[in-house]
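As provided, query-v3.txt (compact mmCIF, C-alpha atoms) reads as follows.
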```txt
# COMPACT_ATOMS: atom_id res chain seq x y z
CA MET A 16 -15.97 7.11 168.53
CA LYS A 17 -15.99 7.90 172.20
CA ARG A 18 -16.09 11.61 173.10
CA VAL A 19 -15.76 12.54 176.77
CA LEU A 20 -15.61 15.90 178.48
CA TYR A 21 -14.23 16.24 182.01
CA ASP A 22 -16.62 18.76 183.49
CA LEU A 23 -16.23 20.64 186.78
CA ALA A 24 -18.84 19.55 189.34
CA ALA A 25 -20.18 20.86 192.64
CA ALA A 26 -20.89 18.64 195.65
CA ASP A 27 -24.16 17.93 193.88
CA GLU A 28 -22.56 16.35 190.82
CA SER A 29 -25.48 17.30 188.60
CA VAL A 30 -24.40 20.92 189.00
CA ARG A 31 -21.73 21.68 186.39
CA PHE A 32 -20.73 25.27 186.85
CA SER A 33 -17.42 26.05 185.14
CA PRO A 34 -17.77 28.89 182.61
CA TYR A 35 -14.96 27.37 180.57
CA CYS A 36 -16.60 23.93 180.49
CA TRP A 37 -19.83 25.63 179.39
CA ARG A 38 -18.01 27.20 176.47
CA VAL A 39 -16.97 23.73 175.33
CA LYS A 40 -20.39 22.15 175.91
CA LEU A 41 -22.03 24.83 173.76
CA ALA A 42 -19.31 24.54 171.12
CA LEU A 43 -19.90 20.77 170.94
CA ALA A 44 -23.65 21.38 170.67
CA HIS A 45 -23.02 24.00 167.97
CA LYS A 46 -21.16 21.39 165.95
CA ASN A 47 -23.79 18.80 166.79
CA LEU A 48 -21.19 16.47 168.28
CA PRO A 49 -22.52 14.05 170.90
CA TYR A 50 -20.45 13.56 174.04
CA ASP A 51 -20.51 12.18 177.55
CA THR A 52 -19.35 14.12 180.56
CA VAL A 53 -17.36 12.93 183.56
CA PRO A 54 -18.01 14.98 186.68
CA TRP A 55 -14.66 16.22 187.95
CA HIS A 56 -13.62 17.95 191.16
CA PHE A 57 -10.86 20.52 191.64
CA THR A 58 -8.69 18.15 193.66
CA GLU A 59 -8.87 15.20 191.28
CA LYS A 60 -5.66 16.15 189.55
CA ASP A 61 -4.68 12.48 189.20
CA VAL A 62 -7.82 11.74 187.16
CA ILE A 63 -6.79 14.13 184.37
CA ALA A 64 -3.02 13.70 184.71
CA PHE A 65 -3.10 11.99 181.26
CA SER A 66 -3.83 15.45 179.78
CA GLY A 67 -0.48 16.73 180.96
CA GLN A 68 -2.01 19.44 183.14
CA GLY A 69 -4.41 19.86 186.02
CA LYS A 70 -7.49 21.80 184.93
CA VAL A 71 -10.74 21.22 183.11
CA PRO A 72 -12.18 21.34 180.50
CA VAL A 73 -10.35 18.29 179.14
CA LEU A 74 -11.85 16.77 176.02
CA VAL A 75 -11.04 13.21 175.02
CA ASP A 76 -12.02 12.90 171.38
CA GLY A 77 -11.27 9.32 170.38
CA ALA A 78 -7.50 9.14 170.49
CA ARG A 79 -7.06 12.90 170.94
CA VAL A 80 -6.73 14.60 174.31
CA VAL A 81 -7.22 18.37 174.32
CA ALA A 82 -7.19 20.69 177.33
CA ASP A 83 -8.06 24.43 177.70
CA SER A 84 -11.36 25.81 176.36
CA GLN A 85 -9.80 28.01 173.70
CA VAL A 86 -7.52 25.21 172.47
CA ILE A 87 -10.52 22.87 172.41
CA ALA A 88 -12.59 25.37 170.38
CA GLU A 89 -9.75 25.78 167.88
CA TYR A 90 -9.32 22.00 167.76
CA LEU A 91 -13.03 21.39 167.09
CA GLU A 92 -13.02 23.97 164.30
CA VAL A 93 -10.15 22.17 162.54
CA ALA A 94 -11.17 18.60 163.33
CA TYR A 95 -14.81 19.10 162.25
CA PRO A 96 -14.65 21.55 159.35
CA ASN A 97 -17.89 20.29 157.83
CA GLU A 98 -19.96 21.11 160.90
CA ALA A 99 -21.18 24.64 161.62
CA SER A 100 -18.26 27.00 162.13
CA LEU A 101 -17.66 28.40 165.61
CA PHE A 102 -15.95 31.56 164.41
CA GLY A 103 -16.45 31.96 160.70
CA ASP A 104 -20.20 32.09 160.24
CA PRO A 105 -21.30 35.09 162.26
CA PRO A 106 -21.32 38.40 160.44
CA SER A 107 -18.37 40.48 161.56
CA ARG A 108 -20.77 43.40 161.63
CA ALA A 109 -22.64 41.76 164.50
CA LEU A 110 -19.49 41.24 166.55
CA THR A 111 -18.45 44.82 165.83
CA HIS A 112 -21.63 45.92 167.64
CA PHE A 113 -20.24 44.47 170.83
CA ILE A 114 -16.96 46.32 170.43
CA ARG A 115 -18.85 49.51 169.74
CA GLY A 116 -20.93 48.98 172.89
CA TRP A 117 -17.76 48.46 174.88
CA ALA A 118 -16.15 51.61 173.45
CA ASP A 119 -19.21 53.79 173.95
CA GLU A 120 -20.24 52.62 177.39
CA ILE A 121 -17.04 51.50 179.10
CA LEU A 122 -13.94 52.88 177.36
CA ASN A 123 -15.18 56.39 176.53
CA PRO A 124 -16.48 57.17 180.03
CA ALA A 125 -13.23 55.79 181.50
CA ILE A 126 -11.27 58.18 179.28
CA ALA A 127 -13.66 61.11 179.73
CA ARG A 128 -13.15 61.25 183.50
CA ILE A 129 -9.42 61.59 182.92
CA VAL A 130 -9.34 64.06 180.06
CA LEU A 131 -12.41 66.29 180.59
CA PRO A 132 -10.56 68.88 182.65
CA ASP A 133 -7.76 68.96 180.05
CA ILE A 134 -10.21 69.32 177.18
CA PHE A 135 -11.95 72.32 178.72
CA PRO A 136 -9.13 74.91 178.36
CA ARG A 137 -8.27 73.61 174.89
CA LEU A 138 -11.73 74.43 173.53
CA ALA A 139 -12.62 77.61 171.68
CA VAL A 140 -13.67 80.16 174.30
CA LYS A 141 -17.18 80.30 172.88
CA ASP A 142 -17.52 76.52 173.43
CA GLN A 143 -16.35 76.46 177.04
CA GLY A 144 -19.66 77.44 178.61
CA TYR A 145 -21.54 74.83 176.58
CA PHE A 146 -19.00 72.16 177.40
CA ARG A 147 -19.01 72.93 181.10
CA GLU A 148 -22.79 72.99 181.33
CA THR A 149 -23.44 69.77 179.39
CA ARG A 150 -20.61 67.76 180.94
CA GLU A 151 -21.23 68.90 184.50
CA ARG A 152 -24.91 68.03 184.15
CA ALA A 153 -24.13 64.62 182.65
CA TRP A 154 -21.54 63.72 185.29
CA GLY A 155 -23.04 65.51 188.27
CA MET A 156 -19.73 67.12 189.21
CA ARG A 157 -17.63 70.18 188.42
CA ILE A 158 -15.00 69.84 185.71
CA GLU A 159 -12.21 70.87 188.06
CA ASP A 160 -13.24 68.15 190.52
CA PHE A 161 -12.22 65.47 188.04
CA TYR A 162 -8.62 66.18 189.04
CA VAL A 163 -9.23 65.05 192.63
CA GLU A 164 -9.34 61.33 191.94
CA ARG A 165 -7.38 61.34 188.73
CA ALA A 166 -4.85 58.74 189.90
CA ARG A 167 -7.70 56.31 190.53
CA TYR A 168 -9.25 57.06 187.14
CA VAL A 169 -5.94 56.36 185.42
CA ALA A 170 -5.58 53.05 187.27
CA GLU A 171 -9.13 52.06 186.34
CA PHE A 172 -8.52 53.05 182.72
CA ALA A 173 -5.58 50.65 182.64
CA ALA A 174 -7.86 47.87 183.88
CA VAL A 175 -10.51 48.74 181.29
CA LEU A 176 -7.95 48.26 178.51
CA LYS A 177 -7.28 44.61 179.37
CA PRO A 178 -9.47 43.13 176.61
CA LEU A 179 -7.72 45.33 174.04
CA ARG A 180 -4.33 44.20 175.31
CA SER A 181 -5.18 40.51 175.27
CA THR A 182 -6.52 40.89 171.72
CA LEU A 183 -3.43 42.73 170.49
CA ALA A 184 -1.25 40.09 172.15
CA VAL A 185 -2.43 37.49 169.63
CA GLN A 186 -3.00 39.52 166.44
CA GLY A 187 -1.96 42.71 164.71
CA PHE A 188 -5.31 44.47 164.87
CA ILE A 189 -8.63 44.02 166.64
CA ALA A 190 -10.04 42.82 163.32
CA GLY A 191 -7.12 40.45 162.69
CA PRO A 192 -4.25 40.93 160.22
CA SER A 193 -5.51 44.34 159.01
CA PRO A 194 -7.61 47.09 160.56
CA SER A 195 -11.35 47.36 160.12
CA TYR A 196 -14.19 49.34 161.69
CA ALA A 197 -13.68 47.70 165.08
CA ASP A 198 -10.18 49.20 165.08
CA HIS A 199 -11.49 52.58 163.92
CA ILE A 200 -13.86 52.69 166.87
CA VAL A 201 -11.28 51.97 169.55
CA PHE A 202 -8.60 54.07 167.88
CA GLY A 203 -10.95 57.06 167.91
CA SER A 204 -11.32 56.84 171.66
CA LEU A 205 -7.61 56.67 172.37
CA GLN A 206 -6.80 59.36 169.82
CA TRP A 207 -9.23 61.67 171.63
CA ALA A 208 -7.24 61.20 174.83
CA ARG A 209 -3.92 61.60 173.05
CA LEU A 210 -4.92 64.83 171.31
CA MET A 211 -6.57 66.62 174.18
CA SER A 212 -4.56 65.74 177.26
CA GLY A 213 -0.92 65.89 178.15
CA ILE A 214 -1.34 63.06 180.59
CA VAL A 215 0.89 60.06 179.96
CA LEU A 216 -1.35 57.02 179.66
CA PHE A 217 1.20 54.79 177.92
CA GLU A 218 4.89 54.12 178.27
CA PRO A 219 7.07 54.42 175.17
CA GLY A 220 6.94 51.20 173.17
CA ASP A 221 3.58 50.22 174.64
CA ARG A 222 1.80 47.69 172.44
CA VAL A 223 -1.32 49.88 172.34
CA VAL A 224 0.64 52.85 171.00
CA GLU A 225 2.34 50.57 168.49
CA TRP A 226 -1.11 49.46 167.32
CA MET A 227 -2.34 53.08 167.05
CA GLU A 228 0.63 53.92 164.85
CA ALA A 229 -0.02 50.82 162.75
CA VAL A 230 -3.65 51.88 162.20
CA LEU A 231 -2.55 55.29 160.93
CA GLU A 232 0.16 53.71 158.82
CA ALA A 233 -2.30 51.26 157.24
CA TYR A 234 -4.12 54.26 155.77
CA GLY A 235 -1.09 56.39 155.08
CA LEU A 236 -2.16 58.91 157.73
CA MET B 7 -18.33 64.91 143.88
CA LYS B 8 -17.84 66.99 146.97
CA ARG B 9 -17.43 65.11 150.23
CA VAL B 10 -17.23 67.13 153.43
CA LEU B 11 -16.98 66.06 157.04
CA TYR B 12 -17.87 68.45 159.86
CA ASP B 13 -15.18 67.65 162.39
CA LEU B 14 -15.06 68.75 166.04
CA ALA B 15 -12.22 71.20 166.65
CA ALA B 16 -10.41 72.62 169.66
CA ALA B 17 -9.46 76.29 170.04
CA ASP B 18 -6.47 75.32 167.91
CA GLU B 19 -8.51 74.29 164.89
CA SER B 20 -5.87 71.89 163.68
CA VAL B 21 -6.69 69.74 166.71
CA ARG B 22 -9.60 67.46 165.83
CA PHE B 23 -10.32 65.36 168.85
CA SER B 24 -13.78 63.77 168.66
CA PRO B 25 -13.58 59.97 168.95
CA TYR B 26 -16.70 59.70 166.81
CA CYS B 27 -15.28 61.91 164.07
CA TRP B 28 -12.12 59.80 164.14
CA ARG B 29 -14.20 56.70 163.52
CA VAL B 30 -15.56 58.32 160.38
CA LYS B 31 -12.19 59.65 159.19
CA LEU B 32 -10.69 56.17 159.45
CA ALA B 33 -13.73 54.61 157.80
CA LEU B 34 -13.39 57.05 154.87
CA ALA B 35 -9.66 56.24 154.66
CA HIS B 36 -10.48 52.52 154.80
CA LYS B 37 -12.73 52.96 151.77
CA ASN B 38 -10.17 55.20 150.14
CA LEU B 39 -12.68 58.04 149.80
CA PRO B 40 -11.16 61.52 149.67
CA TYR B 41 -12.86 64.23 151.73
CA ASP B 42 -12.44 67.70 153.10
CA THR B 43 -13.10 68.62 156.69
CA VAL B 44 -14.77 71.67 158.13
CA PRO B 45 -13.62 72.48 161.66
CA TRP B 46 -16.71 72.70 163.84
CA HIS B 47 -17.24 73.88 167.41
CA PHE B 48 -19.77 72.61 169.94
CA THR B 49 -21.80 75.80 169.90
CA GLU B 50 -22.10 76.09 166.11
CA LYS B 51 -25.45 74.36 166.04
CA ASP B 52 -26.65 76.68 163.28
CA VAL B 53 -23.85 75.59 160.95
CA ILE B 54 -25.07 71.98 160.92
CA ALA B 55 -28.79 72.71 161.31
CA PHE B 56 -29.24 71.40 157.72
CA SER B 57 -28.49 67.91 159.11
CA GLY B 58 -31.60 68.04 161.27
CA GLN B 59 -29.67 67.66 164.51
CA GLY B 60 -26.90 69.33 166.45
CA LYS B 61 -23.87 67.03 166.72
CA VAL B 62 -20.91 65.96 164.63
CA PRO B 63 -19.81 63.94 162.78
CA VAL B 64 -21.96 65.15 159.89
CA LEU B 65 -20.96 63.88 156.47
CA VAL B 66 -22.08 65.65 153.32
CA ASP B 67 -21.57 63.20 150.50
CA GLY B 68 -22.65 64.95 147.33
CA ALA B 69 -26.39 65.38 147.76
CA ARG B 70 -26.55 63.13 150.84
CA VAL B 71 -26.35 64.40 154.40
CA VAL B 72 -25.65 61.79 157.05
CA ALA B 73 -25.17 62.34 160.79
CA ASP B 74 -24.05 60.00 163.62
CA SER B 75 -20.88 57.93 163.28
CA GLN B 76 -22.63 54.57 163.25
CA VAL B 77 -25.19 55.72 160.69
CA ILE B 78 -22.36 57.13 158.58
CA ALA B 79 -20.43 53.85 158.73
CA GLU B 80 -23.51 51.90 157.70
CA TYR B 81 -24.18 54.43 154.94
CA LEU B 82 -20.63 54.20 153.56
CA GLU B 83 -20.84 50.41 153.54
CA VAL B 84 -24.00 50.52 151.40
CA ALA B 85 -23.08 53.51 149.23
CA TYR B 86 -19.60 52.20 148.41
CA PRO B 87 -19.98 48.41 148.21
CA ASN B 88 -17.04 48.02 145.85
CA GLU B 89 -14.57 49.56 148.27
CA ALA B 90 -13.05 47.59 151.17
CA SER B 91 -15.76 46.49 153.59
CA LEU B 92 -15.82 48.06 157.04
CA PHE B 93 -17.50 45.10 158.71
CA GLY B 94 -17.44 42.13 156.42
CA ASP B 95 -13.79 41.49 155.73
CA PRO B 96 -12.27 40.82 159.13
CA PRO B 97 -12.29 37.22 160.27
CA SER B 98 -14.97 36.76 162.90
CA ARG B 99 -12.42 34.66 164.74
CA ALA B 100 -10.30 37.76 165.29
CA LEU B 101 -13.19 39.77 166.71
CA THR B 102 -14.12 36.83 168.94
CA HIS B 103 -10.69 37.20 170.56
CA PHE B 104 -11.75 40.59 171.85
CA ILE B 105 -14.95 39.20 173.34
CA ARG B 106 -12.99 36.41 174.93
CA GLY B 107 -10.57 38.93 176.43
CA TRP B 108 -13.50 40.91 177.81
CA ALA B 109 -15.09 37.77 179.31
CA ASP B 110 -11.87 36.46 180.84
CA GLU B 111 -10.51 39.70 182.20
CA ILE B 112 -13.51 41.88 182.96
CA LEU B 113 -16.71 39.84 183.17
CA ASN B 114 -15.41 36.76 184.98
CA PRO B 115 -13.64 38.68 187.75
CA ALA B 116 -16.75 40.86 188.17
CA ILE B 117 -18.85 37.71 188.64
CA ALA B 118 -16.27 35.89 190.75
CA ARG B 119 -16.30 38.53 193.50
CA ILE B 120 -20.04 38.09 193.81
CA VAL B 121 -20.34 34.31 193.65
CA LEU B 122 -17.11 33.00 195.23
CA PRO B 123 -18.56 32.81 198.75
CA ASP B 124 -21.65 31.04 197.39
CA ILE B 125 -19.59 28.57 195.39
CA PHE B 126 -17.51 27.51 198.39
CA PRO B 127 -20.23 25.64 200.37
CA ARG B 128 -21.59 24.06 197.18
CA LEU B 129 -18.29 22.33 196.42
CA ALA B 130 -17.48 18.74 197.34
CA VAL B 131 -15.99 18.82 200.84
CA LYS B 132 -12.68 17.48 199.54
CA ASP B 133 -12.47 20.49 197.15
CA GLN B 134 -13.16 23.20 199.70
CA GLY B 135 -9.64 23.46 201.08
CA TYR B 136 -8.15 23.67 197.58
CA PHE B 137 -10.70 26.27 196.51
CA ARG B 138 -10.18 28.40 199.59
CA GLU B 139 -6.42 28.30 199.33
CA THR B 140 -6.17 29.09 195.60
CA ARG B 141 -8.88 31.77 195.56
CA GLU B 142 -7.76 33.51 198.72
CA ARG B 143 -4.21 33.64 197.39
CA ALA B 144 -5.33 34.97 193.99
CA TRP B 145 -7.60 37.64 195.45
CA GLY B 146 -5.66 38.48 198.60
CA MET B 147 -8.72 38.22 200.82
CA ARG B 148 -10.75 35.66 202.76
CA ILE B 149 -13.72 34.08 200.99
CA GLU B 150 -16.14 35.25 203.69
CA ASP B 151 -14.94 38.83 203.26
CA PHE B 152 -16.41 38.94 199.76
CA TYR B 153 -19.80 39.38 201.41
CA VAL B 154 -18.80 42.71 202.96
CA GLU B 155 -18.97 44.77 199.78
CA ARG B 156 -21.35 42.56 197.85
CA ALA B 157 -23.83 45.33 197.08
CA ARG B 158 -21.05 47.31 195.41
CA TYR B 159 -19.90 44.26 193.43
CA VAL B 160 -23.44 43.70 192.17
CA ALA B 161 -23.75 47.33 191.09
CA GLU B 162 -20.40 47.15 189.30
CA PHE B 163 -21.40 43.88 187.63
CA ALA B 164 -24.47 45.65 186.20
CA ALA B 165 -22.20 48.34 184.77
CA VAL B 166 -19.85 45.73 183.29
CA LEU B 167 -22.77 44.18 181.37
CA LYS B 168 -23.52 47.37 179.40
CA PRO B 169 -21.77 46.28 176.18
CA LEU B 170 -23.72 43.00 176.25
CA ARG B 171 -26.98 44.88 176.70
CA SER B 172 -26.33 47.35 173.90
CA THR B 173 -25.43 44.44 171.60
CA LEU B 174 -28.54 42.45 172.47
CA ALA B 175 -30.64 45.59 171.97
CA VAL B 176 -29.91 45.51 168.24
CA GLN B 177 -29.65 41.78 167.45
CA GLY B 178 -30.72 38.38 168.72
CA PHE B 179 -27.29 37.10 169.67
CA ILE B 180 -23.80 38.51 170.14
CA ALA B 181 -22.89 36.88 166.84
CA GLY B 182 -25.99 38.19 165.04
CA PRO B 183 -29.10 36.24 164.09
CA SER B 184 -27.84 32.96 165.56
CA PRO B 185 -25.42 32.07 168.33
CA SER B 186 -21.74 31.36 167.78
CA TYR B 187 -18.64 30.97 169.91
CA ALA B 188 -18.80 34.58 171.10
CA ASP B 189 -22.19 33.74 172.62
CA HIS B 190 -20.85 30.50 174.11
CA ILE B 191 -18.13 32.42 175.90
CA VAL B 192 -20.39 34.98 177.53
CA PHE B 193 -23.15 32.48 178.23
CA GLY B 194 -20.66 30.31 180.12
CA SER B 195 -19.82 33.15 182.48
CA LEU B 196 -23.43 33.97 183.30
CA GLN B 197 -24.41 30.33 183.60
CA TRP B 198 -21.65 29.91 186.19
CA ALA B 199 -23.25 32.65 188.28
CA ARG B 200 -26.73 31.28 187.80
CA LEU B 201 -25.81 27.73 188.81
CA MET B 202 -23.70 28.47 191.85
CA SER B 203 -25.35 31.40 193.57
CA GLY B 204 -28.85 32.15 194.74
CA ILE B 205 -28.24 35.85 194.30
CA VAL B 206 -30.71 37.58 191.98
CA LEU B 207 -28.69 39.33 189.30
CA PHE B 208 -31.55 39.77 186.82
CA GLU B 209 -35.21 40.69 187.04
CA PRO B 210 -37.75 38.37 185.43
CA GLY B 211 -38.05 39.14 181.72
CA ASP B 212 -34.57 40.68 181.59
CA ARG B 213 -33.21 40.73 178.03
CA VAL B 214 -30.02 38.99 179.16
CA VAL B 215 -31.98 36.07 180.64
CA GLU B 216 -34.10 35.92 177.49
CA TRP B 217 -30.89 35.66 175.47
CA MET B 218 -29.51 32.91 177.74
CA GLU B 219 -32.68 30.88 177.22
CA ALA B 220 -32.47 31.48 173.47
CA VAL B 221 -28.88 30.16 173.42
CA LEU B 222 -29.94 26.96 175.15
CA GLU B 223 -32.98 26.66 172.91
CA ALA B 224 -30.88 27.08 169.75
CA TYR B 225 -29.10 23.86 170.68
CA GLY B 226 -32.10 22.05 172.13
CA LEU B 227 -30.54 22.17 175.61
```
Structure translated into structure tokens:
Amino acid sequence: MKRVLYDLAAADESVRFSPYCWRVKLALAHKNLPYDTVPWHFTEKDVIAFSGQGKVPVLVDGARVVADSQVIAEYLEVAYPNEASLFGDPPSRALTHFIRGWADEILNPAIARIVLPDIFPRLAVKDQGYFRETRERAWGMRIEDFYVERARYVAEFAAVLKPLRSTLAVQGFIAGPSPSYADHIVFGSLQWARLMSGIVLFEPGDRVVEWMEAVLEAYGL
Amino acid sequence: MKRVLYDLAAADESVRFSPYCWRVKLALAHKNLPYDTVPWHFTEKDVIAFSGQGKVPVLVDGARVVADSQVIAEYLEVAYPNEASLFGDPPSRALTHFIRGWADEILNPAIARIVLPDIFPRLAVKDQGYFRETRERAWGMRIEDFYVERARYVAEFAAVLKPLRSTLAVQGFIAGPSPSYADHIVFGSLQWARLMSGIVLFEPGDRVVEWMEAVLEAYGL
């Protein structure tokens, strides 16, 4: 069977640079499926018009034509179930490490800059000196100064949340149909903000808030 | 058996705000393990000195004392193997959606701002007009203007990579001991930068480069 991938090329056609085409090339290699590539250029819309759209990757797999890297990955998983799985084999624990890294190193700092000055007065008086000293040393600025650029921090927090939003757009929880430790991690971060700051980070009915409520509900909390 | 969690508290002790304690509370709920909490304040180092360190969460599980949310989660998974798994149950496919969202919405834009002006001259001449028009419209700026703040973009790219680095610090691949689609996704993004820009984003011997080579090697590429 003939298997052909239309693959974005530079002026030097040996240079194939599209990140989305690379996803497909590695997925094909993962499943040990041989294929040829056709170098394709942005403006050659006519060449892939048979796919019903104008972007690569386009995979022609015998009689099947599949476009879009994610659709192709899902297609390969179903069409070649006996080859190594693209999604099912890795331990979920390993993938959870990535989500933990994201929460610890990206999400939590993005939240901290917003809520630190609100946390301070809510602490037991005996804790306030400790909190001020450790946080001001870690951040290199005074707690009160976090208010100065708060609007920017809030805007950047919204941008940081994009991967969470795109995940919750396609499934109930980060871990799929029910919550798991990946959800616990991210919930913890947002709960911290919710409990210790009056700032409005979400509109009523926001999908993220809906998900937070669903996490609590799943455990009867 | 007595199970007690030392849980960070605000001045109002009913307010328990630590994101790391929340991770543990949800993990305990997930495994359906009842527990009591002890409200704890930052400065009460003496109260948890028995744990050998000075931060919460600290879980006392009968005779066992466990500190650090990740260590506690790993402990619960081993100590209570017959309860719902924290890491093993969710479909890896679901968690891969999060990594895809991160790559598409955070990583790729962070790379694009750096490499767009390098990509332009490497494209087939017939593609350059299309590329300029679509990219300048999407970004609201001229391709050449991406050079102006390049140093800042490179610094922000390094910050964006933190979750990848913390993941690769504890395991060979994003998906664990061998690569899977989550690796393909992230590899594709970094390969795009590597192929189309002469800019040095990594030092020789960088763990990320080592991982990229290992991905290619895993598939004999």
Val81 in chain A environment, 12 Å, all atoms listed in the file, sequence neighbours closer than 2 positions dropped, as a ChimeraX atom specification: /A:18-21,39,63,65-68,70-79,83-91,94
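Reported to one decimal place, the separation of CA of Asp22 in chain A from CA of Val62 in chain A is 11.8 Å.
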Expected answer as a ChimeraX atom specification: all residues with atoms within 10 Å of (-23.2, 17.7, 164.7), all atoms listed in the file: /A:43-49,95,97-99
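With only C-alpha atoms taken into account, the protein and nucleic acid residues at most 9 Å from Ala165 in chain B (excluding it and anything under 4 positions from it in its own chain) are A:Glu120, A:Ile121, B:Val160, B:Ala161, B:Pro169.
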Could those selected residues go to a file with C-alpha atoms, as a PDB file, in the frame of the given file?
```
ATOM      1  CA  GLU A 120     -20.240  52.620 177.390  1.00  0.00           C
ATOM      2  CA  ILE A 121     -17.040  51.500 179.100  1.00  0.00           C
TER       3      ILE A 121
ATOM      4  CA  VAL B 160     -23.440  43.700 192.170  1.00  0.00           C
ATOM      5  CA  ALA B 161     -23.750  47.330 191.090  1.00  0.00           C
ATOM      6  CA  PRO B 169     -21.770  46.280 176.180  1.00  0.00           C
TER       7      PRO B 169
END
```
Two-atom distance - CA of Glu83 in chain B, CA of Leu110 in chain A (Å): 16.0 Å
Which residues, written as a compact mmCIF listing (two decimals) with C-alpha atoms, in the coordinates of the input, have at least one atom at most 9 Å from Gln197 in chain B, with only C-alpha atoms counted and residues fewer than 2 positions away on the same chain left out?
```
# COMPACT_ATOMS: atom_id res chain seq x y z
CA PHE A 32 -20.73 25.27 186.85
CA SER A 33 -17.42 26.05 185.14
CA PRO A 34 -17.77 28.89 182.61
CA TRP A 37 -19.83 25.63 179.39
CA VAL B 192 -20.39 34.98 177.53
CA PHE B 193 -23.15 32.48 178.23
CA GLY B 194 -20.66 30.31 180.12
CA SER B 195 -19.82 33.15 182.48
CA ALA B 199 -23.25 32.65 188.28
CA ARG B 200 -26.73 31.28 187.80
CA LEU B 201 -25.81 27.73 188.81
CA MET B 202 -23.70 28.47 191.85
CA MET B 218 -29.51 32.91 177.74
```
Taking only C-alpha atoms into account, find every residue of chain B that has an atom no more than 7 Å from chain A, and write it out as a JSON list (two decimals) with C-alpha atoms, in the frame of the given file.
```json
[["chain", "number", "residue", "atom", "x", "y", "z"],
["B", 16, "ALA", "CA", -10.41, 72.62, 169.66],
["B", 17, "ALA", "CA", -9.46, 76.29, 170.04],
["B", 21, "VAL", "CA", -6.69, 69.74, 166.71],
["B", 23, "PHE", "CA", -10.32, 65.36, 168.85],
["B", 24, "SER", "CA", -13.78, 63.77, 168.66],
["B", 25, "PRO", "CA", -13.58, 59.97, 168.95],
["B", 26, "TYR", "CA", -16.70, 59.70, 166.81],
["B", 28, "TRP", "CA", -12.12, 59.80, 164.14],
["B", 29, "ARG", "CA", -14.20, 56.70, 163.52],
["B", 32, "LEU", "CA", -10.69, 56.17, 159.45],
["B", 33, "ALA", "CA", -13.73, 54.61, 157.80],
["B", 35, "ALA", "CA", -9.66, 56.24, 154.66],
["B", 36, "HIS", "CA", -10.48, 52.52, 154.80],
["B", 47, "HIS", "CA", -17.24, 73.88, 167.41],
["B", 48, "PHE", "CA", -19.77, 72.61, 169.94],
["B", 49, "THR", "CA", -21.80, 75.80, 169.90],
["B", 92, "LEU", "CA", -15.82, 48.06, 157.04],
["B", 93, "PHE", "CA", -17.50, 45.10, 158.71],
["B", 94, "GLY", "CA", -17.44, 42.13, 156.42],
["B", 96, "PRO", "CA", -12.27, 40.82, 159.13],
["B", 97, "PRO", "CA", -12.29, 37.22, 160.27],
["B", 98, "SER", "CA", -14.97, 36.76, 162.90],
["B", 99, "ARG", "CA", -12.42, 34.66, 164.74],
["B", 100, "ALA", "CA", -10.30, 37.76, 165.29],
["B", 101, "LEU", "CA", -13.19, 39.77, 166.71],
["B", 103, "HIS", "CA", -10.69, 37.20, 170.56],
["B", 104, "PHE", "CA", -11.75, 40.59, 171.85],
["B", 107, "GLY", "CA", -10.57, 38.93, 176.43],
["B", 108, "TRP", "CA", -13.50, 40.91, 177.81],
["B", 111, "GLU", "CA", -10.51, 39.70, 182.20],
["B", 128, "ARG", "CA", -21.59, 24.06, 197.18],
["B", 129, "LEU", "CA", -18.29, 22.33, 196.42],
["B", 130, "ALA", "CA", -17.48, 18.74, 197.34],
["B", 133, "ASP", "CA", -12.47, 20.49, 197.15],
["B", 136, "TYR", "CA", -8.15, 23.67, 197.58],
["B", 168, "LYS", "CA", -23.52, 47.37, 179.40],
["B", 169, "PRO", "CA", -21.77, 46.28, 176.18],
["B", 170, "LEU", "CA", -23.72, 43.00, 176.25],
["B", 172, "SER", "CA", -26.33, 47.35, 173.90],
["B", 173, "THR", "CA", -25.43, 44.44, 171.60],
["B", 180, "ILE", "CA", -23.80, 38.51, 170.14],
["B", 181, "ALA", "CA", -22.89, 36.88, 166.84],
["B", 182, "GLY", "CA", -25.99, 38.19, 165.04],
["B", 186, "SER", "CA", -21.74, 31.36, 167.78],
["B", 187, "TYR", "CA", -18.64, 30.97, 169.91],
["B", 190, "HIS", "CA", -20.85, 30.50, 174.11],
["B", 191, "ILE", "CA", -18.13, 32.42, 175.90],
["B", 194, "GLY", "CA", -20.66, 30.31, 180.12],
["B", 195, "SER", "CA", -19.82, 33.15, 182.48],
["B", 197, "GLN", "CA", -24.41, 30.33, 183.60],
["B", 198, "TRP", "CA", -21.65, 29.91, 186.19],
["B", 201, "LEU", "CA", -25.81, 27.73, 188.81],
["B", 202, "MET", "CA", -23.70, 28.47, 191.85],
["B", 225, "TYR", "CA", -29.10, 23.86, 170.68]]
```
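CA of Met156 in chain A lies 11.3 Å from CA of Leu131 in chain A.
Contact shell of range 149-156 of chain B at 12 Å (only C-alpha atoms; same-chain neighbours under 5 positions omitted): Ala116, Ile117, Ala118, Arg119, Ile120, Val121, Leu122, Pro123, Asp124, Ile125, Phe126, Pro127, Gln134, Gly135, Phe137, Arg138, Glu139, Thr140, Arg141, Glu142, Arg143, Ala144, Ala161, Glu162, Phe163, Ile205 and Leu207 of chain B.
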Proximity to Pro54 in chain A - best of A:Arg157, A:Arg222, A:Pro124, A:Leu23, only C-alpha atoms: A:Leu23
